[in-house]
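Next up, data_25.txt (compact mmCIF, C-alpha atoms):
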# COMPACT_ATOMS: atom_id res chain seq x y z
CA MET A 291 -10.91 106.76 0.25
CA VAL A 292 -9.37 103.60 1.68
CA ALA A 293 -6.80 104.35 4.36
CA ASN A 294 -3.28 103.17 3.64
CA ASP A 295 -0.98 105.19 5.86
CA MET A 296 2.78 105.02 5.39
CA TYR A 297 5.11 104.18 8.26
CA LEU A 298 8.83 104.18 8.84
CA GLY A 299 10.34 100.77 8.20
CA ASP A 300 11.52 98.44 10.97
CA ASP A 301 15.16 98.13 9.94
CA ASP A 302 16.04 95.41 12.48
CA SER A 303 13.50 93.02 10.97
CA ARG A 304 14.46 93.47 7.33
CA GLY A 305 15.25 90.40 5.35
CA LEU A 306 14.68 88.76 2.01
CA PRO A 307 13.01 85.37 2.28
CA ASN A 308 13.77 82.84 -0.41
CA ASP A 309 10.71 80.66 0.03
CA GLY A 310 7.02 81.00 -0.70
CA ARG A 311 7.40 83.30 -3.69
CA ARG A 312 5.43 83.15 -6.87
CA GLN A 313 6.53 84.42 -10.26
CA PHE A 314 4.76 87.31 -11.95
CA THR A 315 4.54 86.85 -15.69
CA SER A 316 3.26 89.09 -18.45
CA ASP A 317 0.86 87.94 -21.15
CA ASP A 318 3.76 86.69 -23.29
CA GLY A 319 5.21 84.67 -20.41
CA ARG A 320 8.24 86.80 -19.62
CA ARG A 321 9.43 86.90 -16.03
CA ARG A 322 8.11 89.87 -14.11
CA GLY A 323 10.23 89.30 -11.00
CA ASN A 324 9.83 87.44 -7.73
CA ALA A 325 6.90 88.38 -5.54
CA ASP A 326 6.62 88.04 -1.81
CA ARG A 327 4.19 85.53 -0.38
CA CYS A 328 1.11 87.63 -1.15
CA ARG A 329 1.72 90.53 -3.49
CA PRO A 330 4.30 92.55 -5.41
CA GLU A 331 6.58 95.04 -3.64
CA ILE A 332 7.83 98.19 -5.36
CA ALA A 333 11.13 99.26 -3.75
CA ILE A 334 11.94 102.89 -4.66
CA VAL A 335 15.59 103.87 -4.26
CA ARG A 336 16.13 107.38 -2.89
CA TYR A 337 19.64 108.28 -4.01
CA ARG A 338 21.16 111.74 -3.64
CA GLU A 339 19.62 114.34 -6.00
CA CYS A 340 16.80 112.01 -7.11
CA GLN A 341 13.45 113.55 -8.04
CA LEU A 342 11.27 113.39 -4.94
CA ALA A 343 8.16 114.10 -7.03
CA ALA A 344 8.74 110.74 -8.72
CA VAL A 345 9.37 108.98 -5.41
CA TYR A 346 6.15 110.18 -3.84
CA GLY A 347 4.22 110.24 -7.11
CA LEU A 348 4.87 106.54 -7.72
CA THR A 349 3.91 105.87 -4.11
CA ASP A 350 0.61 107.62 -4.76
CA VAL A 351 -0.01 105.73 -8.04
CA PHE A 352 0.16 102.38 -6.27
CA ARG A 353 -1.87 103.64 -3.34
CA VAL A 354 -4.66 104.72 -5.71
CA ALA A 355 -4.42 101.39 -7.53
CA ASP A 356 -4.75 99.62 -4.17
CA GLU A 357 -7.87 101.63 -3.38
CA GLN A 358 -9.36 100.86 -6.80
CA LEU A 359 -8.69 97.16 -6.30
CA ALA A 360 -10.51 97.30 -2.98
CA LEU A 361 -13.52 98.94 -4.62
CA VAL A 362 -13.95 95.94 -6.95
CA GLY A 363 -13.49 93.37 -4.21
CA ARG A 364 -9.80 92.70 -4.76
CA GLY A 365 -8.52 94.22 -1.53
CA GLY A 366 -5.16 92.94 -0.41
CA GLU A 367 -3.87 92.39 -3.96
CA GLY A 368 -2.31 95.83 -4.28
CA ALA A 369 1.41 96.49 -4.38
CA ARG A 370 3.44 97.10 -1.26
CA VAL A 371 5.64 100.20 -1.60
CA SER A 372 8.90 100.76 0.23
CA HIS A 373 11.56 103.49 0.11
CA TRP A 374 15.26 102.70 0.51
CA GLU A 375 18.18 105.01 1.32
CA TRP A 376 21.86 104.82 2.20
CA SER A 377 22.82 105.57 5.80
CA ASP A 378 25.75 104.87 8.10
CA ASP A 379 24.09 101.54 8.87
CA GLY A 380 23.94 100.57 5.20
CA VAL A 381 20.90 100.51 2.91
CA VAL A 382 17.78 100.84 5.07
CA CYS A 383 14.05 100.99 4.51
CA THR A 384 12.79 104.44 5.49
CA LEU A 385 9.14 104.11 4.51
CA ASP A 386 6.90 101.07 4.11
CA SER A 387 3.21 100.69 3.28
CA ASP A 388 3.14 97.30 5.07
CA PRO A 389 5.48 97.52 8.07
CA GLY A 390 6.11 94.61 10.37
CA THR A 391 6.68 91.95 7.73
CA ARG A 392 9.93 91.18 5.95
CA ASN A 393 10.56 92.87 2.60
CA ALA A 394 10.88 90.96 -0.66
CA PRO A 395 11.02 93.53 -3.50
CA THR A 396 9.71 92.37 -6.84
CA HIS A 397 10.69 95.65 -8.53
CA VAL A 398 13.56 98.00 -7.63
CA VAL A 399 13.11 101.49 -9.08
CA PHE A 400 15.78 104.16 -9.64
CA PRO A 401 13.82 107.43 -10.11
CA PRO A 402 14.86 110.33 -12.34
CA SER A 403 17.62 112.69 -11.22
CA LEU A 404 17.34 116.45 -10.80
CA VAL A 405 20.89 116.89 -12.11
CA PRO A 406 22.29 115.83 -15.50
CA PRO A 407 23.84 112.37 -15.68
CA GLN A 408 27.34 113.88 -15.63
CA GLY A 409 26.68 115.29 -12.15
CA MET A 410 24.88 112.30 -10.65
CA ASP A 411 26.09 110.52 -7.57
CA ALA A 412 27.35 107.07 -8.55
CA ALA A 413 25.23 105.56 -5.73
CA HIS A 414 27.42 102.45 -5.66
CA ALA A 415 26.05 101.10 -2.36
CA LEU A 416 22.44 101.47 -3.51
CA ARG A 417 23.25 99.98 -6.89
CA ASP A 418 24.99 97.01 -5.31
CA TRP A 419 21.98 96.51 -3.04
CA ALA A 420 19.74 96.55 -6.12
CA LEU A 421 21.93 93.92 -7.80
CA LEU A 422 21.47 91.64 -4.80
CA ARG A 423 17.71 92.08 -5.13
CA ARG A 424 18.02 91.21 -8.81
CA ASP A 425 19.83 87.99 -7.93
CA GLU A 426 16.75 87.13 -5.86
CA GLY A 427 14.46 87.77 -8.83
CA ALA A 428 13.56 91.47 -8.64
CA VAL A 429 12.97 93.48 -11.83
CA LEU A 430 15.35 96.45 -12.06
CA CYS A 431 13.76 99.69 -13.26
CA GLY A 432 15.52 102.90 -14.31
CA LEU A 433 13.69 106.15 -15.08
CA CYS A 434 15.21 109.01 -17.08
CA ALA A 435 18.77 109.60 -15.79
CA GLY A 436 18.24 106.66 -13.43
CA VAL A 437 18.87 104.44 -16.47
CA PHE A 438 22.53 105.54 -16.31
CA VAL A 439 22.83 103.95 -12.86
CA LEU A 440 21.70 100.60 -14.25
CA ALA A 441 23.82 100.91 -17.41
CA GLU A 442 26.99 101.26 -15.32
CA THR A 443 26.50 97.67 -14.13
CA GLY A 444 26.75 96.26 -17.66
CA LEU A 445 23.38 94.55 -17.25
CA LEU A 446 21.87 96.60 -20.06
CA ASP A 447 24.46 95.60 -22.66
CA ARG A 448 22.76 94.33 -25.83
CA ARG A 449 19.37 95.13 -24.33
CA ARG A 450 16.86 97.62 -25.68
CA VAL A 451 16.35 100.59 -23.34
CA THR A 452 15.19 104.20 -23.38
CA THR A 453 16.13 107.37 -21.52
CA HIS A 454 15.38 111.10 -21.77
CA TRP A 455 15.90 112.30 -25.33
CA ALA A 456 18.14 115.14 -24.10
CA PHE A 457 20.53 112.57 -22.58
CA ALA A 458 20.49 110.16 -25.53
CA GLU A 459 23.74 111.37 -27.09
CA GLU A 460 25.62 111.18 -23.79
CA PHE A 461 24.13 107.74 -23.06
CA ALA A 462 25.11 106.35 -26.46
CA ARG A 463 28.65 107.67 -26.02
CA ARG A 464 29.09 106.14 -22.55
CA PHE A 465 27.31 102.84 -23.18
CA PRO A 466 27.79 101.85 -26.84
CA ALA A 467 26.87 98.21 -26.17
CA VAL A 468 23.32 99.15 -25.09
CA ARG A 469 20.57 99.26 -27.73
CA LEU A 470 19.14 102.74 -27.06
CA ASP A 471 15.68 103.54 -28.42
CA ALA A 472 15.18 107.14 -27.33
CA ARG A 473 11.84 107.42 -29.14
CA ARG A 474 10.09 105.13 -26.66
CA MET A 475 8.52 106.31 -23.41
CA VAL A 476 8.73 102.93 -21.63
CA VAL A 477 10.70 99.86 -22.68
CA ASP A 478 9.95 96.57 -20.89
CA GLU A 479 12.57 93.85 -21.31
CA GLY A 480 11.01 91.51 -18.76
CA ASP A 481 13.59 91.65 -15.98
CA VAL A 482 14.62 95.24 -16.78
CA ILE A 483 12.25 98.18 -17.38
CA THR A 484 13.37 101.67 -18.43
CA ALA A 485 11.42 104.88 -18.89
CA ALA A 486 12.25 108.14 -20.63
CA GLY A 487 11.72 111.64 -19.23
CA ILE A 488 11.46 113.35 -15.88
CA MET A 489 7.67 112.96 -15.85
CA ALA A 490 7.73 109.47 -17.41
CA TRP A 491 7.45 108.01 -13.90
CA LEU A 492 3.67 108.35 -14.33
CA ASP A 493 3.72 106.40 -17.60
CA PHE A 494 5.96 103.81 -15.96
CA GLY A 495 3.75 103.53 -12.88
CA LEU A 496 0.55 103.10 -14.86
CA SER A 497 2.23 100.58 -17.18
CA LEU A 498 3.29 98.59 -14.12
CA VAL A 499 -0.24 98.74 -12.72
CA GLU A 500 -1.51 97.38 -16.04
CA SER A 501 1.01 94.53 -16.14
CA MET A 502 0.33 93.49 -12.54
CA PHE A 503 -3.42 94.08 -12.18
CA GLY A 504 -4.78 94.28 -15.71
CA PRO A 505 -5.82 96.99 -18.22
CA SER A 506 -9.14 97.77 -16.50
CA MET A 507 -7.38 98.54 -13.23
CA MET A 508 -4.87 100.77 -15.01
CA ILE A 509 -7.77 102.67 -16.59
CA ARG A 510 -9.54 103.03 -13.23
CA THR A 511 -6.32 104.31 -11.65
CA SER A 512 -5.54 106.79 -14.44
CA ARG A 513 -9.12 108.10 -14.46
CA PHE A 514 -9.11 108.65 -10.71
CA MET A 515 -5.81 110.54 -10.99
CA LEU A 516 -7.09 112.53 -14.00
CA ALA A 517 -4.10 111.23 -15.94
CA ASP A 518 -3.83 110.04 -19.52
CA ALA A 519 -3.15 106.39 -20.23
CA PRO A 520 0.58 105.61 -20.53
CA ARG A 521 2.21 107.35 -23.47
CA THR A 522 4.21 105.13 -25.78
CA ASP A 523 6.36 107.68 -27.58
CA GLN A 524 8.46 110.67 -26.49
CA LEU A 525 8.99 111.74 -30.10
CA PRO A 526 6.54 114.71 -29.90
CA TYR A 527 8.56 116.14 -27.01
CA MET A 528 12.02 115.78 -28.52
CA GLY A 529 14.07 118.80 -29.51
CA GLN A 530 15.04 118.83 -33.16
CA LEU A 531 18.45 120.49 -33.03
CA PRO A 532 21.79 119.21 -31.70
CA SER A 533 23.26 121.03 -28.74
CA ALA A 534 25.59 123.85 -29.78
CA THR A 535 28.58 122.73 -27.73
CA HIS A 536 31.23 122.75 -30.47
CA ASP A 537 33.92 125.43 -30.81
CA ASP A 538 34.24 125.52 -34.61
CA GLU A 539 33.89 129.21 -35.47
CA VAL A 540 33.28 128.53 -39.17
CA VAL A 541 30.39 126.20 -38.36
CA ARG A 542 29.07 128.67 -35.80
CA LEU A 543 29.05 131.38 -38.49
CA ALA A 544 27.22 128.99 -40.82
CA GLU A 545 24.61 128.29 -38.13
CA GLU A 546 24.07 132.02 -37.59
CA THR A 547 23.67 132.53 -41.35
CA ILE A 548 21.16 129.69 -41.59
CA ASP A 549 19.19 131.08 -38.66
CA ARG A 550 19.12 134.57 -40.16
CA GLU A 551 18.15 133.49 -43.68
CA LEU A 552 15.95 130.49 -42.85
CA GLY A 553 12.98 131.80 -44.83
CA SER A 554 14.97 132.19 -48.04
CA ALA A 555 16.31 129.64 -50.50
CA MET A 556 19.73 128.51 -49.32
CA THR A 557 22.34 126.47 -51.10
CA LEU A 558 25.48 124.80 -49.79
CA SER A 559 27.62 126.84 -52.18
CA GLY A 560 26.01 130.08 -51.02
CA LEU A 561 26.55 129.13 -47.38
CA ALA A 562 30.18 128.23 -48.13
CA ALA A 563 30.71 131.61 -49.77
CA ALA A 564 29.26 133.35 -46.68
CA THR A 565 31.75 131.50 -44.49
CA SER A 566 34.70 131.79 -46.92
CA THR A 567 35.12 128.03 -47.24
CA HIS A 568 34.83 125.41 -49.94
CA PRO A 569 31.43 123.62 -49.97
CA ARG A 570 33.04 120.23 -49.40
CA THR A 571 35.13 121.58 -46.53
CA LEU A 572 32.10 123.22 -44.92
CA GLN A 573 30.07 120.02 -45.21
CA ARG A 574 32.82 117.98 -43.57
CA ARG A 575 33.35 120.44 -40.72
CA PHE A 576 29.61 120.92 -40.20
CA LYS A 577 29.01 117.16 -39.87
CA ALA A 578 31.94 116.80 -37.48
CA ALA A 579 30.72 119.66 -35.25
CA THR A 580 26.97 119.01 -35.20
CA GLY A 581 26.54 115.38 -36.21
CA LYS A 582 24.28 116.51 -39.08
CA THR A 583 24.78 117.53 -42.69
CA VAL A 584 23.94 121.10 -43.63
CA THR A 585 20.70 119.94 -45.26
CA GLN A 586 19.68 117.92 -42.19
CA TYR A 587 20.43 120.87 -39.93
CA VAL A 588 18.37 123.26 -42.07
CA GLN A 589 15.43 120.84 -42.09
CA CYS A 590 15.61 120.41 -38.31
CA LEU A 591 15.72 124.16 -37.72
CA ARG A 592 12.77 124.71 -40.05
CA VAL A 593 10.75 122.02 -38.26
CA GLU A 594 11.68 123.49 -34.86
CA ARG A 595 10.66 126.99 -35.96
CA ALA A 596 7.44 125.72 -37.56
CA ILE A 597 6.22 123.70 -34.56
CA HIS A 598 6.98 126.65 -32.29
CA ALA A 599 4.73 128.77 -34.49
CA LEU A 600 2.05 126.06 -34.44
CA ALA A 601 2.09 126.06 -30.65
CA THR A 602 2.23 129.82 -30.07
CA THR A 603 0.33 131.45 -32.97
CA ASP A 604 -2.87 130.97 -34.91
CA ASP A 605 -1.14 131.52 -38.28
CA THR A 606 -2.21 129.17 -41.05
CA PHE A 607 0.07 126.26 -41.77
CA GLU A 608 0.64 127.58 -45.28
CA SER A 609 1.93 130.91 -43.98
CA ILE A 610 4.11 129.16 -41.41
CA ALA A 611 5.59 126.98 -44.15
CA ARG A 612 6.44 130.06 -46.24
CA SER A 613 8.01 131.80 -43.24
CA VAL A 614 10.50 128.96 -42.79
CA GLY A 615 11.37 128.60 -46.47
CA TYR A 616 8.85 126.14 -47.97
CA ASP A 617 6.64 127.35 -50.81
CA ASP A 618 5.05 123.90 -50.88
CA PRO A 619 3.71 123.06 -47.38
CA THR A 620 3.54 119.34 -48.26
CA THR A 621 7.27 118.94 -47.67
CA LEU A 622 7.09 120.60 -44.26
CA ARG A 623 4.02 118.56 -43.31
CA ARG A 624 5.90 115.35 -44.11
CA LEU A 625 8.96 116.47 -42.10
CA ILE A 626 6.87 117.40 -39.05
CA LEU A 627 5.15 114.03 -39.12
CA ARG A 628 8.50 112.24 -39.40
CA GLU A 629 10.19 114.23 -36.60
CA THR A 630 7.33 114.47 -34.09
CA GLY A 631 4.99 111.62 -34.98
CA LEU A 632 2.14 114.15 -35.26
CA THR A 633 0.51 116.02 -38.11
CA PRO A 634 0.67 119.83 -37.92
CA THR A 635 -2.97 119.89 -36.83
CA GLY A 636 -2.33 117.21 -34.22
CA TYR A 637 0.72 119.07 -32.90
CA ARG A 638 -1.25 122.30 -32.54
CA GLN A 639 -4.06 120.48 -30.75
CA LYS A 640 -1.63 118.85 -28.32
CA PHE A 641 0.74 121.71 -27.58
CA GLY A 642 -1.01 124.86 -28.77
CA ALA A 643 -0.98 127.49 -26.01
CA LYS A 644 -3.78 129.40 -27.66
CA SER A 645 -6.08 126.38 -27.70
CA LEU A 646 -5.33 125.70 -24.03
CA VAL A 647 -6.02 129.30 -23.07
CA GLY A 648 -9.12 129.35 -25.27
CA GLY A 649 -10.44 126.22 -23.58
CA ARG A 650 -9.85 127.77 -20.16
CA VAL A 651 -11.62 130.97 -21.21
CA GLN A 652 -14.59 129.02 -22.53
CA THR A 653 -14.81 127.10 -19.26
CA LEU A 654 -14.77 130.32 -17.23
CA VAL A 655 -17.42 131.89 -19.46
CA GLY A 656 -19.61 128.81 -19.10
CA GLU A 657 -19.27 128.86 -15.33
CA ARG A 658 -20.09 132.57 -15.23
CA ASN A 659 -23.21 132.05 -17.36
CA GLN A 660 -24.38 129.23 -15.07
CA ARG A 661 -24.15 131.51 -12.05
CA ARG A 662 -26.30 134.17 -13.63

As structure tokens - that is how I would like this structure written.
Amino acid sequence: MVANDMYLGDDDSRGLPNDGRRQFTSDDGRRRGNADRCRPEIAIVRYRECQLAAVYGLTDVFRVADEQLALVGRGGEGARVSHWEWSDDGVVCTLDSDPGTRNAPTHVVFPPSLVPPQGMDAAHALRDWALLRRDEGAVLCGLCAGVFVLAETGLLDRRRVTTHWAFAEEFARRFPAVRLDARRMVVDEGDVITAAGIMAWLDFGLSLVESMFGPSMMIRTSRFMLADAPRTDQLPYMGQLPSATHDDEVVRLAEETIDRELGSAMTLSGLAAATSTHPRTLQRRFKAATGKTVTQYVQCLRVERAIHALATTDDTFESIARSVGYDDPTTLRRLILRETGLTPTGYRQKFGAKSLVGGRVQTLVGERNQRR
């Protein structure tokens, strides 16, 4: 493999030149950010509680891409990678793949956080540093909870972004002016890029490799890393039910009744009788507490229970449908496709534990037979 050792940055020589830069553009002509005199620079911001796996994983993605470029005679085109942290001396470069020359980040990346957005450090100094880099042409990138850091600046207002599906409700509440599309894995707005989940840094990194060096180089990089091509949708990974954070005891009793009798035919009037309320009153309180109507909640719970069975059992889809209250499996099949983007068969193939274990067993058996 091509050597590309990382070194601590020379803080006393840091600067941001304003001359000699070229503009990176995508196929549709959108600005991709300023580049330094030779190649792009990916500046990764290490704020408190950020996911170090993403910091070093992205570093590795661009190192592998650099090696693959060298193998096809394009050495020297690869991205420079730098890490930036807050210290008593201000924001400093702590790691650089090309030390000794002044930094000119083309992309500034806020990785995912290991704590929920509510507990994240505001990282004002790092964010302000990133805004200065943006003024000089850098693309700002937020991954998972790192999108919250960018949203606090107001730069994402009226833009389309994504974040982790589990944080979507909190994000929409805090930043109503942002156009959140929580189904997407990566959203590229030209001068702002956002990515969804904790592991979406890999999808983001490979997407960036593709935009900077072309699809063939992205494929070479992903193959070398034994990684799939960038995913476009986080829908198959999304939970179906709202979080049970309300304190409405009547609604909680209704939820428990639904859970207990999910496989039977339920009506709103029957559920209201079980909770000693009027159907209209129950519907109103249920929507206020969960954000869903009773029917929507029942459908979501049935889908959640069904896909769990698809992933953990080898029961037929017809028997799974009956177990969650559908005599006609067609309705459940349509709901699963709508909520996950996959057919029942596709979901089982992607997430089925039994198929994964079976594949591993077959591999071990094959290896054992070869040794005999």

Counting only C-alpha atoms, which residues in region 497-581 of chain A sit no more than 9 Å from region 361-385 of chain A? For each one, give the nearest pair of atoms and the distance in Å, sorted by chain then residue number, as a Markdown table.
| residue | atom | partner | partner_atom | distance |
| --- | --- | --- | --- | --- |
| A:Val499 | CA | A:Ala369 | CA | 8.8 |
| A:Met502 | CA | A:Ala369 | CA | 8.8 |
| A:Phe503 | CA | A:Gly368 | CA | 8.2 |

**Message:** Applying 12 Å and all atoms listed in the file, which residues near Phe438 (chain A) remain after dropping the ones on its own chain fewer than 3 positions away? List them as a PyMOL selection string.
**Reply:** chain A and resi 400-403+406-413+417+431-435+441-447+451-454+457-458+460-465+468+470+484-486

**Message:** Give me, as a count of residues only, all polymer residues having an atom no more than 12 Å from region 540-555 of chain A, counting all atoms listed in the file and skipping those fewer than 2 positions away in the same chain.
**Reply:** 56

**Asked** Between A:Leu498, A:Val482, A:Ala344, A:Ala490, which has the minimum distance to Pro330 (chain A) (counting all atoms listed in the file)?
**Response** A:Leu498

Mind working out the centre and edge lengths of an axis-aligned box for region 382-395 of chain A, all listed atoms inside, 6 Å added to each side, rounded to one decimal in Å and written as AutoDock Vina command-line options?
--center_x 10.5 --center_y 97.7 --center_z 3.4 --size_x 26.6 --size_y 25.5 --size_z 25.9

**Prompt:** When you draw a straight line from CA of Ile483 (chain A) to CA of Trp455 (chain A), how long is it in Å?
**Reply:**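 Here the two named atoms are 16.6 Å from each other.
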
**Prompt:** Restricting the calculation to only C-alpha atoms, which member of A:Leu348, A:Val398, A:Ile597, A:Leu496 is positioned closest to Thr511 (chain A)?
**Reply:** A:Leu496

**Request:** Name the closest residue to Cys340 (chain A) among the candidates A:Val399, A:Leu404, A:Met515, A:Met508; distances are taken between atoms, counting all atoms listed in the file.
**Result:**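 Result for the nearest residue to Cys340 (chain A): A:Leu404.
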
**Message:** Could you tell me how far CA of Met507 (chain A) sits from CA of Ala355 (chain A), in Å to one decimal place?
**Reply:**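 According to the coordinates, CA of Ala355 (chain A) and CA of Met507 (chain A) are separated by 7.0 Å.
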
**Asked** In Å to one decimal, how far is CA of Pro520 (chain A) from CA of Ser497 (chain A)?
**Response**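 Atom-to-atom, CA of Ser497 (chain A) and CA of Pro520 (chain A) are spaced 6.3 Å apart.
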
**Message:** Please determine, counting only C-alpha atoms, which residue among A:Pro466, A:Leu625, A:Ala394, A:Leu600 has the shortest atom-to-atom distance to Gln639 (chain A).
**Reply:**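 Closest candidate: A:Leu600.
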
**Request:** Within 9 Å of (-1.9, 116.0, -45.8) (coordinates as in the file), grab all the protein and nucleic acid residues, counting all atoms listed in the file, and write them out as a list in words.
**Result:** Thr620, Arg623, Arg624 and Thr633 of chain A
